[in-house]
>>> print(open('model.csv').read())   # CSV, C-alpha atoms and all ligand atoms
chain,number,residue,atom,x,y,z
A,466,MET,CA,311.8,157.8,70.2
A,467,LYS,CA,310.1,154.9,71.9
A,468,ILE,CA,306.4,155.3,72.2
A,469,PRO,CA,305.1,154.6,75.7
A,470,GLN,CA,302.5,151.9,76.4
A,471,ASN,CA,299.0,152.9,77.5
A,472,THR,CA,299.5,152.1,81.3
A,473,GLU,CA,302.9,153.7,81.4
A,474,TYR,CA,301.5,156.9,79.7
A,475,ARG,CA,298.3,157.0,81.8
A,476,VAL,CA,300.2,157.5,85.1
A,477,GLN,CA,301.8,160.6,83.6
A,478,LEU,CA,298.5,162.3,83.4
A,479,ALA,CA,298.6,163.1,87.1
A,480,SER,CA,301.4,165.6,86.3
A,481,ARG,CA,299.5,167.6,83.7
A,482,GLN,CA,299.4,171.2,84.8
A,483,ARG,CA,296.9,173.0,82.5
A,484,ILE,CA,293.7,171.1,82.0
A,485,VAL,CA,290.7,171.9,79.8
A,486,VAL,CA,287.5,169.9,80.6
A,487,LYS,CA,284.6,169.8,78.2
A,488,VAL,CA,281.2,168.7,79.2
A,489,GLY,CA,278.5,168.0,76.7
A,490,SER,CA,274.8,168.9,77.2
A,491,SER,CA,274.0,165.2,77.7
A,492,SER,CA,276.4,165.1,80.6
A,493,LEU,CA,274.5,167.9,82.4
A,494,LEU,CA,270.9,166.5,81.9
A,495,HIS,CA,268.9,163.6,83.3
A,496,GLU,CA,268.6,161.2,80.4
A,497,GLN,CA,264.9,160.5,80.9
A,498,THR,CA,263.6,164.0,81.5
A,499,GLN,CA,266.2,166.1,79.7
A,500,ARG,CA,266.2,168.4,82.7
A,501,LEU,CA,269.3,169.7,84.5
A,502,ASP,CA,271.1,167.2,86.7
A,503,TYR,CA,272.2,169.3,89.7
A,504,HIS,CA,274.0,166.5,91.4
A,505,LYS,CA,276.3,166.1,88.4
A,506,ILE,CA,276.9,169.9,88.1
A,507,ASP,CA,277.7,170.0,91.8
A,508,THR,CA,280.2,167.1,91.5
A,509,LEU,CA,281.7,168.7,88.4
A,510,ALA,CA,282.3,172.0,90.4
A,511,ARG,CA,283.8,170.0,93.2
A,512,GLU,CA,286.1,167.9,90.9
A,513,LEU,CA,287.4,171.0,89.1
A,514,THR,CA,287.9,173.0,92.3
A,515,ASP,CA,289.9,170.0,93.7
A,516,LEU,CA,292.2,170.2,90.6
A,517,LYS,CA,292.7,173.9,91.2
A,518,ASN,CA,293.5,173.1,94.8
A,519,GLN,CA,296.3,170.8,93.5
A,520,GLY,CA,297.8,173.8,91.9
A,521,LYS,CA,296.6,173.2,88.4
A,522,ASP,CA,295.1,175.6,85.9
A,523,VAL,CA,291.6,174.6,84.9
A,524,ILE,CA,289.3,175.7,82.2
A,525,LEU,CA,285.7,174.4,81.8
A,526,VAL,CA,284.1,174.3,78.3
A,527,SER,CA,280.4,173.7,79.0
A,528,SER,CA,277.6,173.1,76.6
A,529,GLY,CA,274.0,173.1,77.9
A,530,ALA,CA,273.0,176.7,77.2
A,531,ALA,CA,270.4,175.7,74.6
A,532,ALA,CA,269.2,172.8,76.7
A,533,ALA,CA,268.9,174.9,79.9
A,534,GLY,CA,267.0,177.7,77.9
A,535,ARG,CA,264.7,175.1,76.3
A,536,GLU,CA,263.9,173.7,79.7
A,537,ALA,CA,263.3,177.2,81.2
A,538,LEU,CA,261.1,178.2,78.3
A,539,GLY,CA,259.2,174.9,78.4
A,540,ILE,CA,260.0,173.9,74.7
A,541,ASN,CA,259.8,170.2,74.0
A,542,LEU,CA,263.0,168.6,72.7
A,543,ASP,CA,261.4,167.2,69.5
A,544,VAL,CA,259.7,170.4,68.8
A,545,TYR,CA,263.0,172.2,69.4
A,546,HIS,CA,264.9,170.0,66.9
A,547,GLN,CA,262.2,169.7,64.2
A,548,GLU,CA,260.5,173.1,64.1
A,549,SER,CA,262.6,175.7,65.8
A,550,PRO,CA,264.0,178.4,63.5
A,551,MET,CA,267.4,179.8,64.3
A,552,ASN,CA,266.0,182.7,66.2
A,553,ILE,CA,264.3,180.4,68.7
A,554,LYS,CA,267.4,178.4,69.2
A,555,GLN,CA,269.4,181.6,69.8
A,556,ALA,CA,266.8,182.9,72.3
A,557,CYS,CA,267.0,179.5,74.1
A,558,ALA,CA,270.8,179.8,74.2
A,559,ALA,CA,270.6,183.4,75.6
A,560,VAL,CA,268.2,182.5,78.3
A,561,GLY,CA,270.0,179.2,79.1
A,562,GLN,CA,273.5,180.6,79.1
A,563,ALA,CA,272.6,183.1,81.8
A,564,ARG,CA,270.9,180.4,83.8
A,565,LEU,CA,273.8,177.9,83.4
A,566,ILE,CA,276.4,180.4,84.6
A,567,MET,CA,274.2,181.3,87.6
A,568,ILE,CA,274.0,177.6,88.5
A,569,TYR,CA,277.8,177.1,88.1
A,570,GLN,CA,278.5,180.3,90.1
A,571,LYS,CA,276.4,178.9,92.9
A,572,PHE,CA,278.1,175.6,93.0
A,573,PHE,CA,281.6,177.0,92.7
A,574,GLU,CA,280.9,179.4,95.5
A,575,ASP,CA,280.1,176.4,97.7
A,576,TYR,CA,283.7,175.4,97.2
A,577,ASN,CA,285.1,178.9,97.5
A,578,GLN,CA,286.2,178.9,93.9
A,579,LEU,CA,285.8,181.9,91.6
A,580,ALA,CA,284.5,181.3,88.1
A,581,ALA,CA,284.2,183.5,85.0
A,582,GLN,CA,282.2,183.4,81.8
A,583,VAL,CA,284.0,183.5,78.4
A,584,LEU,CA,281.9,183.4,75.2
A,585,MET,CA,283.6,183.1,71.9
A,586,SER,CA,282.9,182.2,68.2
A,587,ARG,CA,285.0,181.1,65.2
A,588,ALA,CA,285.6,184.8,64.5
A,589,THR,CA,287.4,185.1,67.8
A,590,VAL,CA,289.9,182.5,66.7
A,591,SER,CA,290.3,183.6,63.1
A,592,ASN,CA,290.9,187.2,63.8
A,593,GLU,CA,294.5,187.7,65.0
A,594,GLN,CA,293.7,190.6,67.3
A,595,SER,CA,290.7,189.0,69.0
A,596,PHE,CA,292.6,185.7,69.3
A,597,ARG,CA,295.4,187.5,71.2
A,598,ASN,CA,292.8,189.2,73.4
A,599,LEU,CA,291.3,185.8,74.1
A,600,GLN,CA,294.7,184.4,75.1
A,601,ASN,CA,295.5,187.4,77.3
A,602,THR,CA,292.1,187.1,79.0
A,603,PHE,CA,292.6,183.4,79.7
A,604,GLU,CA,296.2,184.0,81.0
A,605,GLU,CA,295.0,186.7,83.4
A,606,LEU,CA,292.0,184.6,84.7
A,607,LEU,CA,294.3,181.6,85.3
A,608,HIS,CA,296.8,183.9,87.0
A,609,LEU,CA,294.0,185.1,89.2
A,610,GLN,CA,293.2,181.5,90.1
A,611,VAL,CA,289.8,181.8,88.4
A,612,ILE,CA,288.1,178.9,86.5
A,613,PRO,CA,286.9,180.3,83.1
A,614,ILE,CA,283.7,178.7,81.9
A,615,VAL,CA,283.6,178.8,78.1
A,616,ASN,CA,280.9,178.4,75.6
A,617,GLU,CA,280.2,179.4,72.0
A,618,ASN,CA,278.4,182.7,71.8
A,619,ASP,CA,275.4,180.9,70.3
A,620,SER,CA,273.0,183.9,70.4
A,621,VAL,CA,275.1,185.8,68.0
A,622,ALA,CA,277.2,183.2,66.2
A,623,THR,CA,275.3,182.0,63.1
A,624,ALA,CA,276.5,179.9,60.1
A,625,GLU,CA,279.9,181.2,59.1
A,626,PHE,CA,280.8,182.5,62.6
A,627,SER,CA,279.8,179.3,64.3
A,628,VAL,CA,282.1,176.6,65.4
A,629,GLY,CA,279.0,174.5,65.8
A,630,ASP,CA,280.2,172.1,68.4
A,631,ASN,CA,282.0,172.4,71.7
A,632,ASP,CA,284.3,169.4,71.0
A,633,ASN,CA,286.2,171.5,68.4
A,634,LEU,CA,285.8,174.7,70.5
A,635,SER,CA,287.4,173.0,73.5
A,636,ALA,CA,290.4,171.8,71.4
A,637,MET,CA,290.8,175.4,70.1
A,638,VAL,CA,290.8,176.6,73.7
A,639,ALA,CA,293.3,174.0,74.7
A,640,ALA,CA,295.6,175.0,71.8
A,641,ALA,CA,295.1,178.7,72.6
A,642,VAL,CA,296.2,178.4,76.2
A,643,HIS,CA,298.9,175.7,75.5
A,644,ALA,CA,297.0,173.2,77.7
A,645,ASP,CA,298.7,169.8,78.3
A,646,LEU,CA,295.5,167.8,78.8
A,647,LEU,CA,292.0,168.0,77.3
A,648,ILE,CA,289.2,165.8,78.8
A,649,LEU,CA,286.1,165.5,76.7
A,650,LEU,CA,283.1,164.1,78.7
A,651,SER,CA,280.0,163.0,77.0
A,652,ASP,CA,277.5,160.2,76.7
A,653,VAL,CA,280.0,158.1,74.7
A,654,GLU,CA,282.6,156.1,76.5
A,655,GLY,CA,285.3,156.6,74.0
A,656,LEU,CA,286.4,155.6,70.5
A,657,TYR,CA,285.3,152.3,68.9
A,658,SER,CA,286.7,150.7,65.7
A,659,ASP,CA,283.1,151.1,64.3
A,660,ASP,CA,279.7,152.3,65.5
A,661,PRO,CA,278.9,149.7,68.3
A,662,ARG,CA,275.2,150.3,67.9
A,663,VAL,CA,275.4,149.1,64.4
A,664,ASN,CA,278.3,146.6,64.5
A,665,SER,CA,278.4,144.2,67.4
A,666,ASN,CA,282.0,143.3,66.6
A,667,ALA,CA,283.2,146.9,67.0
A,668,SER,CA,286.1,147.0,69.5
A,669,PHE,CA,286.9,149.6,72.1
A,670,ILE,CA,290.1,151.6,71.6
A,671,GLU,CA,291.8,152.5,74.9
A,672,TYR,CA,294.8,154.3,73.5
A,673,VAL,CA,295.8,156.1,70.4
A,674,PRO,CA,299.5,156.6,70.6
A,675,GLU,CA,299.6,158.1,67.1
A,676,LEU,CA,296.6,159.6,65.4
A,677,SER,CA,296.8,158.0,62.0
A,678,HIS,CA,294.2,158.2,59.2
A,679,GLU,CA,293.1,154.7,60.2
A,680,TYR,CA,291.8,156.1,63.5
A,681,GLU,CA,290.4,159.2,62.0
A,682,SER,CA,288.2,157.1,59.7
A,683,MET,CA,286.6,155.5,62.7
A,684,GLY,CA,284.6,158.7,63.3
A,685,ARG,CA,280.8,158.6,62.9
A,686,GLU,CA,278.5,161.6,62.5
A,687,THR,CA,276.1,160.4,65.1
A,688,THR,CA,275.7,161.5,68.7
A,689,GLY,CA,274.2,159.2,71.3
A,690,SER,CA,271.8,161.7,72.8
A,691,GLY,CA,269.2,164.2,71.5
A,692,ALA,CA,270.8,167.1,73.5
A,693,GLY,CA,274.3,167.4,72.1
A,694,THR,CA,275.7,168.2,68.7
A,695,GLY,CA,279.1,166.5,68.7
A,696,GLY,CA,279.4,163.0,67.3
A,697,MET,CA,282.6,161.0,67.1
A,698,SER,CA,283.8,162.8,64.0
A,699,THR,CA,283.9,166.1,65.8
A,700,LYS,CA,285.7,164.5,68.7
A,701,LEU,CA,288.3,163.1,66.3
A,702,HIS,CA,288.7,166.5,64.6
A,703,ALA,CA,289.2,167.9,68.1
A,704,ALA,CA,291.8,165.2,68.8
A,705,ARG,CA,293.7,166.2,65.7
A,706,ILE,CA,293.9,169.8,66.9
A,707,ALA,CA,294.8,168.8,70.5
A,708,VAL,CA,297.5,166.2,69.7
A,709,ASP,CA,299.1,168.4,67.0
A,710,SER,CA,299.2,171.3,69.4
A,711,GLY,CA,301.0,169.2,72.0
A,712,CYS,CA,298.0,168.4,74.3
A,713,ASP,CA,296.9,164.9,75.4
A,714,MET,CA,293.2,164.2,75.1
A,715,VAL,CA,290.9,161.8,76.8
A,716,ILE,CA,287.3,161.0,75.6
A,717,ALA,CA,285.3,159.5,78.4
A,718,GLY,CA,281.7,158.9,79.4
A,719,SER,CA,280.2,160.8,82.4
A,720,ARG,CA,277.1,158.7,82.6
A,721,ASN,CA,278.2,157.3,86.0
A,722,GLY,CA,279.2,160.7,87.3
A,723,MET,CA,281.8,163.4,87.2
A,724,HIS,CA,284.1,161.5,89.5
A,725,VAL,CA,285.5,160.1,86.3
A,726,ILE,CA,287.7,163.2,86.1
A,727,HIS,CA,289.5,162.2,89.3
A,728,ARG,CA,289.9,158.7,88.1
A,729,ILE,CA,291.4,159.8,84.8
A,730,MET,CA,293.8,162.0,86.6
A,731,CYS,CA,294.8,159.1,88.8
A,732,GLY,CA,295.9,157.1,85.7
A,733,GLU,CA,293.0,154.7,85.6
A,734,ASN,CA,292.4,153.1,82.2
A,735,ILE,CA,289.2,154.9,81.4
A,736,GLY,CA,287.9,156.1,78.0
A,737,THR,CA,290.2,156.6,75.0
A,738,LEU,CA,293.5,158.4,75.5
A,739,PHE,CA,295.1,160.2,72.5
A,740,ARG,CA,298.8,160.9,73.1
A,741,ALA,CA,300.1,164.4,72.3
A,742,ASP,CA,302.4,164.6,69.4
A,743,LYS,CA,303.3,168.3,68.9
A,744,LYS,CA,303.9,169.5,65.4
A,745,ALA,CA,306.7,172.0,65.3
A,746,ASP,CA,304.9,174.3,62.8
A,747,PHE,CA,301.4,174.0,64.5
A,748,ARG,CA,299.2,177.0,63.7
A,749,LEU,CA,295.6,176.9,65.0
A,750,SER,CA,294.3,178.8,62.0
A,751,ASP,CA,295.3,175.9,59.8
A,752,TYR,CA,292.8,173.7,61.6
A,753,THR,CA,289.8,175.9,62.1
A,754,ALA,CA,288.5,176.3,58.5
A,755,GLY,CA,286.7,172.8,58.5
A,756,ALA,CA,285.7,172.9,62.2
A,757,ASP,CA,281.9,172.7,61.9
B,801,LIG,N1,277.0,175.7,72.5
B,801,LIG,C1,275.9,174.8,72.6
B,801,LIG,C2,275.2,174.9,74.0
B,801,LIG,O1,275.7,175.4,74.9
B,801,LIG,C3,276.3,173.3,72.5
B,801,LIG,C4,277.1,172.9,71.4
B,801,LIG,C5,277.5,171.4,71.6
B,801,LIG,O2,276.7,170.7,72.2
B,801,LIG,O3,278.6,171.0,71.2
B,801,LIG,O4,274.1,174.5,74.1
>>> encode(input="model.csv", output="structure tokens", more="lines below")
Ligand code: GLU
Amino acid sequence: MKIPQNTEYRVQLASRQRIVVKVGSSSLLHEQTQRLDYHKIDTLARELTDLKNQGKDVILVSSGAAAAGREALGINLDVYHQESPMNIKQACAAVGQARLIMIYQKFFEDYNQLAAQVLMSRATVSNEQSFRNLQNTFEELLHLQVIPIVNENDSVATAEFSVGDNDNLSAMVAAAVHADLLILLSDVEGLYSDDPRVNSNASFIEYVPELSHEYESMGRETTGSGAGTGGMSTKLHAARIAVDSGCDMVIAGSRNGMHVIHRIMCGENIGTLFRADKKADFRLSDYTAGAD
């Protein structure tokens, strides 16, 4: 089979029907103050509702619970990272998740769009029964024209139950619902051949037609911001799950606003596009063991 060129393939994204959008904590916060950026959250709700209005199924995977809780409880970012024991982090997530959903509900309501909360953990995916329950819930919500808003159940998922990052979580969701496009939005613009902050000769990769080991080795553990947890290596692991399950994936930066979703859907050459390459024997459980 002839592998399509980047531009040729990009225009096909407009026809994708089931779309999972993942936003990292850094995409929802003002960089300087680390407080919630309501303008971005509002635009995100509008963009996703517009995709729904085009007749597409949409799922949002949103980080930001811990960040919103930390903000509400007045805990400084450095103190949070350096000194907070697990129970404080989980309390932040519990306070913040409720707050985050309240904010999303408000904005989605402005656009007359119903939204729902789905919290999950690694155990949801590894247990056959709860995985089926999850799939059924998603199917019903999508059938009812609702936008599910997914996050890890951080206040109960510790260590072995924790996926740990929403990049992998969003790819698991995409595979579970047989999505055909996953958009990962964060403070990184896409994949580079090397870490551009360290190597000025690093080149930007616009298109990954086949996810070979050469690309996978370009992953770095770092994340650009202090708010998120996913670096490039988690994004590449997510890409592996997505493309093998038959789902295209785009990594793009949302620094300049959530309109980037519309531009990606219009086929603009933004971020890094990983082409879906479905494995006939794909089983999500084969991929989830090393997901943290
Ligand atoms: N689940 C975490 C939160 O909502 C974020 C994990 C991540 O940033 O990938 O705060």
>>> residues_around(input="model.csv", residues="range 561-575 of chain A", least_positions_apart="5", cutoff="6 Å", atoms="only C-alpha atoms", output="list in words")
Asp507, Ala510, Ala530, Ala531, Ala533 and Gly534 of chain A
>>> atom_distance(input="model.csv", atom1="CA of Tyr545 in chain A", atom2="CA of Ala622 in chain A")
18.2 Å
>>> residues_around(input="model.csv", residues="range 641-654 of chain A", least_positions_apart="6", cutoff="6 Å", atoms="all atoms listed in the file", output="list of chain:residue names")
A:Arg481, A:Arg483, A:Ile484, A:Val485, A:Val486, A:Lys487, A:Val488, A:Gly489, A:Ser492, A:Cys712, A:Asp713, A:Met714, A:Val715, A:Ile716, A:Ala717, A:Gly718, A:Ser719, A:Gly736
>>> closest_atom_pairs(input="model.csv", of="chain A", to="ligand LIG 801 (chain B)", cutoff="6 Å", atoms="only C-alpha atoms and all ligand atoms", output="CSV")
residue,atom,partner,partner_atom,distance
A:Gly489,CA,B:LIG801,O2,5.5
A:Ser490,CA,B:LIG801,O2,5.6
A:Ser528,CA,B:LIG801,O1,3.4
A:Gly529,CA,B:LIG801,O4,4.1
A:Ala530,CA,B:LIG801,O1,3.8
A:Ala531,CA,B:LIG801,O4,3.9
A:Ala532,CA,B:LIG801,O4,5.8
A:Asn616,CA,B:LIG801,N1,5.7
A:Glu617,CA,B:LIG801,N1,4.9
A:Asp619,CA,B:LIG801,N1,5.9
A:Asp630,CA,B:LIG801,O3,3.4
A:Asn631,CA,B:LIG801,O3,3.7
A:Asp632,CA,B:LIG801,O3,5.9
A:Gly693,CA,B:LIG801,O2,4.1
A:Thr694,CA,B:LIG801,O2,4.4
A:Gly695,CA,B:LIG801,O3,5.2
>>> residues_around(input="model.csv", residues="His678 in chain A", least_positions_apart="3", cutoff="12 Å", atoms="all atoms listed in the file", output="count of residues only")
9
>>> closest_residue(input="model.csv", among="A:Met697, A:Glu496, A:Arg720, A:Leu609", to="Pro661 in chain A", atoms="all atoms listed in the file")
A:Met697
>>> residues_around(input="model.csv", residues="Gln499 in chain A", least_positions_apart="3", cutoff="10 Å", atoms="all atoms listed in the file", output="count of residues only")
16
>>> closest_residue(input="model.csv", among="A:Ser710, A:Thr514, A:Asn734, A:Ser665", to="Ala580 in chain A", atoms="all atoms listed in the file")
A:Thr514
>>> closest_residue(input="model.csv", among="A:Arg511, A:Tyr474, A:Leu656, A:Thr753", to="Ser586 in chain A", atoms="only C-alpha atoms")
A:Thr753
>>> closest_residue(input="model.csv", among="A:Ser591, A:Ser635, A:Thr737, A:Ser677", to="Ala707 in chain A", atoms="only C-alpha atoms")
A:Ser635
>>> axis_aligned_box(input="model.csv", around="range 606-625 of chain A", padding_each_side="8 Å", output="lines of an AutoDock Vina configuration file")
center_x = 284.9
center_y = 182.1
center_z = 74.6
size_x = 39.8
size_y = 23.4
size_z = 47.0
>>> closest_residue(input="model.csv", among="A:Val708, A:Glu512, A:Gln477, A:Leu525", to="Lys744 in chain A", atoms="all atoms listed in the file")
A:Val708
>>> closest_residue(input="model.csv", among="A:Gln594, A:Gln600, A:Ser627, A:Asn518", to="Asn577 in chain A", atoms="only C-alpha atoms")
A:Asn518
>>> residues_around(input="model.csv", residues="Ile612 in chain A", least_positions_apart="2", cutoff="10 Å", atoms="all atoms listed in the file", output="list in words")
Ala510, Leu513, Thr514, Lys517, Asp522, Val523, Ile524, Leu525, Phe573, Gln578, Leu579, Ala580, Ala581, Gln582, Phe603, Leu606, Leu607, Leu609, Gln610, Ile614 and Val615 of chain A
>>> write_last_selection(input="model.csv", atoms="C-alpha atoms", output="mmCIF file, keeping the file's coordinate frame")
data_model
loop_
_atom_site.group_PDB
_atom_site.id
_atom_site.type_symbol
_atom_site.label_atom_id
_atom_site.label_comp_id
_atom_site.auth_asym_id
_atom_site.auth_seq_id
_atom_site.Cartn_x
_atom_site.Cartn_y
_atom_site.Cartn_z
ATOM 1 C CA ALA A 510 282.300 172.000 90.400
ATOM 2 C CA LEU A 513 287.400 171.000 89.100
ATOM 3 C CA THR A 514 287.900 173.000 92.300
ATOM 4 C CA LYS A 517 292.700 173.900 91.200
ATOM 5 C CA ASP A 522 295.100 175.600 85.900
ATOM 6 C CA VAL A 523 291.600 174.600 84.900
ATOM 7 C CA ILE A 524 289.300 175.700 82.200
ATOM 8 C CA LEU A 525 285.700 174.400 81.800
ATOM 9 C CA PHE A 573 281.600 177.000 92.700
ATOM 10 C CA GLN A 578 286.200 178.900 93.900
ATOM 11 C CA LEU A 579 285.800 181.900 91.600
ATOM 12 C CA ALA A 580 284.500 181.300 88.100
ATOM 13 C CA ALA A 581 284.200 183.500 85.000
ATOM 14 C CA GLN A 582 282.200 183.400 81.800
ATOM 15 C CA PHE A 603 292.600 183.400 79.700
ATOM 16 C CA LEU A 606 292.000 184.600 84.700
ATOM 17 C CA LEU A 607 294.300 181.600 85.300
ATOM 18 C CA LEU A 609 294.000 185.100 89.200
ATOM 19 C CA GLN A 610 293.200 181.500 90.100
ATOM 20 C CA ILE A 614 283.700 178.700 81.900
ATOM 21 C CA VAL A 615 283.600 178.800 78.100
#
>>> atom_distance(input="model.csv", atom1="CA of Leu538 in chain A", atom2="CA of Ala588 in chain A")
28.9 Å
>>> build_atoms(input="model.csv", residues="range 568-577 of chain A", atoms="all heavy atoms", output="short mmCIF file (atom, residue, chain, number, x, y, z; two decimals), in the coordinates of the input")
data_model
loop_
_atom_site.label_atom_id
_atom_site.label_comp_id
_atom_site.auth_asym_id
_atom_site.auth_seq_id
_atom_site.Cartn_x
_atom_site.Cartn_y
_atom_site.Cartn_z
N ILE A 568 273.96 178.91 87.79
CA ILE A 568 274.00 177.60 88.50
C ILE A 568 275.48 177.26 88.83
O ILE A 568 275.82 176.88 89.95
CB ILE A 568 273.34 176.52 87.67
CG1 ILE A 568 271.85 176.81 87.54
CG2 ILE A 568 273.56 175.14 88.28
CD1 ILE A 568 271.15 176.03 86.44
N TYR A 569 276.35 177.42 87.82
CA TYR A 569 277.80 177.10 88.10
C TYR A 569 278.33 178.01 89.17
O TYR A 569 279.05 177.54 90.05
CB TYR A 569 278.59 177.33 86.78
CG TYR A 569 278.62 176.14 85.85
CD1 TYR A 569 278.27 176.27 84.51
CD2 TYR A 569 279.04 174.88 86.31
CE1 TYR A 569 278.32 175.18 83.65
CE2 TYR A 569 279.09 173.79 85.45
CZ TYR A 569 278.72 173.94 84.12
OH TYR A 569 278.76 172.86 83.27
N GLN A 570 278.01 179.32 89.10
CA GLN A 570 278.50 180.30 90.10
C GLN A 570 278.14 179.80 91.51
O GLN A 570 278.93 179.84 92.45
CB GLN A 570 278.00 181.68 89.87
CG GLN A 570 278.51 182.35 88.62
CD GLN A 570 279.92 182.92 88.77
OE1 GLN A 570 280.66 182.56 89.68
NE2 GLN A 570 280.29 183.79 87.86
N LYS A 571 276.89 179.37 91.62
CA LYS A 571 276.40 178.90 92.90
C LYS A 571 277.17 177.75 93.46
O LYS A 571 277.58 177.73 94.61
CB LYS A 571 274.92 178.48 92.73
CG LYS A 571 273.92 179.32 93.47
CD LYS A 571 272.56 178.90 93.09
CE LYS A 571 271.72 178.71 94.33
NZ LYS A 571 270.31 178.63 93.99
N PHE A 572 277.37 176.75 92.59
CA PHE A 572 278.10 175.60 93.00
C PHE A 572 279.56 175.87 93.32
O PHE A 572 280.13 175.41 94.30
CB PHE A 572 277.95 174.40 92.05
CG PHE A 572 276.60 173.72 92.14
CD1 PHE A 572 275.78 173.64 91.04
CD2 PHE A 572 276.16 173.17 93.34
CE1 PHE A 572 274.53 173.02 91.12
CE2 PHE A 572 274.92 172.55 93.43
CZ PHE A 572 274.10 172.48 92.31
N PHE A 573 280.20 176.64 92.42
CA PHE A 573 281.60 177.00 92.70
C PHE A 573 281.78 177.76 93.94
O PHE A 573 282.76 177.60 94.66
CB PHE A 573 282.21 177.71 91.45
CG PHE A 573 282.68 176.79 90.35
CD1 PHE A 573 282.10 176.84 89.09
CD2 PHE A 573 283.70 175.87 90.57
CE1 PHE A 573 282.53 175.99 88.07
CE2 PHE A 573 284.14 175.02 89.56
CZ PHE A 573 283.55 175.08 88.30
N GLU A 574 280.81 178.61 94.22
CA GLU A 574 280.90 179.40 95.50
C GLU A 574 280.88 178.49 96.69
O GLU A 574 281.57 178.76 97.67
CB GLU A 574 279.69 180.35 95.50
CG GLU A 574 279.99 181.62 96.26
CD GLU A 574 278.85 182.60 96.07
OE1 GLU A 574 278.88 183.30 95.05
OE2 GLU A 574 277.93 182.61 96.91
N ASP A 575 280.11 177.40 96.62
CA ASP A 575 280.10 176.40 97.70
C ASP A 575 281.49 175.92 98.05
O ASP A 575 281.78 175.53 99.17
CB ASP A 575 279.22 175.22 97.39
CG ASP A 575 277.74 175.52 97.49
OD1 ASP A 575 277.40 176.59 98.02
OD2 ASP A 575 276.94 174.69 97.03
N TYR A 576 282.33 175.86 97.01
CA TYR A 576 283.70 175.40 97.20
C TYR A 576 284.72 176.50 97.25
O TYR A 576 285.92 176.26 97.11
CB TYR A 576 284.03 174.33 96.10
CG TYR A 576 283.05 173.20 96.11
CD1 TYR A 576 282.05 173.09 95.15
CD2 TYR A 576 283.08 172.26 97.14
CE1 TYR A 576 281.11 172.07 95.20
CE2 TYR A 576 282.15 171.24 97.20
CZ TYR A 576 281.16 171.15 96.23
OH TYR A 576 280.24 170.14 96.30
N ASN A 577 284.20 177.71 97.40
CA ASN A 577 285.10 178.90 97.50
C ASN A 577 285.95 179.10 96.31
O ASN A 577 287.12 179.47 96.44
CB ASN A 577 285.91 178.73 98.81
CG ASN A 577 286.35 180.07 99.34
OD1 ASN A 577 285.78 181.10 98.97
ND2 ASN A 577 287.38 180.08 100.15
#
